[in-house]
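Peer 1: A single structure is presented below for examination.
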Amino acid sequence: MMGEKLLAVFDVGKTNKKFTVYNSHLVAIHSETVRIGEVEVNGIICDDADSLTAWVKAKLDEWSSKLSAVAVSTHGATLALLDAEGRLAMPVISYNHEVGESVKQAFFEEYGSPEELYERTGTPPLGQLLNAGIQLFWIRKEYPERYARAKRILFLPQYVVYSFSKLEAAEVTSLGCHTYLWDLVKGSWSSVAESLEVPPRSPGIKDVWERLGEVKGIVVTPGMHDSNAALLPYLVRERGDFVLASTGTWCVLMYPGAPFAPSREDVHRDMLYYMDAYGRPVKAARFKCGFEFEHYVGILRSAFRGDPLAVELDRKLASEVLREGEAFFVPTLTPGTGQFPRSKGKVVGRLPDLVRAYYYLNLSLAVQTWYALKLLTGGRKVRVYVQGGFAKNDVYLAFLATLARWAEVVKGEYPEATSLGAALTALAALECCEPRQLEVELPVVGGEPVEPLDVDDAYVEEYALRFLSLCAR
């Protein structure tokens, strides 16, 4: 590795935190993962920022002599409020923390209805503290002295960067991530952000591939939101009309080809607009696919005394399950999220054995994905790249391809698009260019098309309609 330019990426998920080292050809040469969960501080659910930043610093110290650049991607809706000395004025609050509906009601009374705000910010009202603007409003209301002490407001990617470099930045992929803080119509701070005095407490806005400075000879980039990091390699190389389905705890479907045309019908079904790395609105739909999958896999493991994850795809049996249509895993386990925010999570019907139960679980999640795709694209023919955890789930993929026959479902062949997207920004910073100008091969754009099951469309339609009717109850 003598003389080779190596790039470090910290990909910070809600529980799993991954450190990956890439060479200058964007080939991963080292990867490791650590689990860092949430902590409770004075009754508030928080991200364990101390453990996270300590781990990041330890990894950088271990690799510093070999690295040329570093990039960070993290989940959104998470903020760090720093005092004048650069210390946390408030713990880093988790978006999983619940606040009373009265707080949200007061927010909308002050700043406008959800429909009015959606038309400007592309942000719908989400559950828990998934709206960063509402989180800041709540902190100002409940902890006014701490809010007054906050001289800097950083999103989590930028706080991680600050923790090891003392370099400050803001960037649009985090600012535009269902925050109410960014006005997509005028392309600058929203009236909510101005009222909460965010702009004067924010560092300057940088491109995610800019050089902020150096630490021990390592070029430091601003960091970015994880879903947008996963999207970046496709923006760089894909030329057709496509949807990226980035799957993990959340299934985030991102459709860059859609115009910015927020509809009031979408306000309460988790349809939103992100901002991509180039500052352009990206229409998206989200639901907690992986969260529900893991919850029910645990239940099936206990109920049937077997491992659901050992079940493989049998195309004949999958077709039979669709024709039988005997069971439904109805969303949603997290009220206020997904395309069915008022539906209450439950299992309906008969689960005769572990294999069929696992098939029905995946079928139900595929129906949710199909419905989100229909809302997102209007049924236009698109290529759907499935990346992340569900790209390894052949049962889910077969059901999705069968439901969405009007689309081409592609099993993503590269498992770590988020980390790769962040690595692109690090390499671009080294080369002093933007990612589309890099002369490097990307393994991520491509994959294996998924064949639909051999089952009559009438059975598919009947199951989907019954599923939707259960969600409406």
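By order in the structure tokens, chains are A, B, ...; within a chain, residues start at 1; ligands start at 1, following the order shown.
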Would you list the contacts of region 36-52 of chain A as a list of chain:residue names, taking every protein, DNA or RNA residue within 7 Å and counting only C-alpha atoms, but skipping same-chain residues closer than 5 positions in sequence?
Peer 2: A:Thr15, A:Asn16, A:Lys17, A:Pro91, A:Val92, A:Ile93, A:Ser94, A:Asn96, A:His97
Peer 1: Just the selected residues (C-alpha atoms), exported as a CSV table (one decimal), in the first residue's frame, please.
Peer 2:
chain,number,residue,atom,x,y,z
A,15,THR,CA,-27.2,0.8,15.3
A,16,ASN,CA,-24.5,-0.5,13.0
A,17,LYS,CA,-21.6,1.8,12.4
A,91,PRO,CA,-27.4,15.6,24.3
A,92,VAL,CA,-27.7,14.4,20.7
A,93,ILE,CA,-31.4,13.5,20.7
A,94,SER,CA,-32.6,10.4,18.8
A,96,ASN,CA,-36.9,7.9,18.0
A,97,HIS,CA,-37.8,10.1,21.0
Peer 1: List the neighbours of His178 (chain A) out to 8 Å using only C-alpha atoms; skip same-chain residues closer than 5 positions along the sequence, and give me the result as a list in words.
Peer 2: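 Counting only C-alpha atoms, the residues come to Ala77, Thr121, Gly122, Thr123, Pro124, Leu130, Asn131, Ala132, Leu272, Tyr273 and Tyr274 of chain A.
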Peer 1: Could you check which of A:Ala428, A:Leu468, A:Glu109, A:Leu253 is closest to Leu26 (chain A), using only C-alpha atoms?
Peer 2: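 Checking each candidate against Leu26 (chain A), we get A:Ala428 as the closest.
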Peer 1: Go through region 235-330 of chain A residue by residue and, counting only C-alpha atoms, keep those with an atom at most 7 Å from region 359-363 of chain A; for each kept residue give the shortest atom pair and its distance in Å to one decimal, ordered by chain and increasing number, as CSV.
Peer 2:
residue,atom,partner,partner_atom,distance
A:Ala318,CA,A:Tyr359,CA,6.9
A:Ala327,CA,A:Tyr360,CA,6.3
A:Phe328,CA,A:Tyr360,CA,6.4
A:Phe329,CA,A:Leu361,CA,5.9
Peer 1: Show which residues sit within 7 Å of region 416-424 of chain A, as a PyMOL selection string. Count only C-alpha atoms, and ignore same-chain residues fewer than 6 positions away.
Peer 2: chain A and resi 7+9+11+71-73+226-227+229-230+232-233+388+435+444
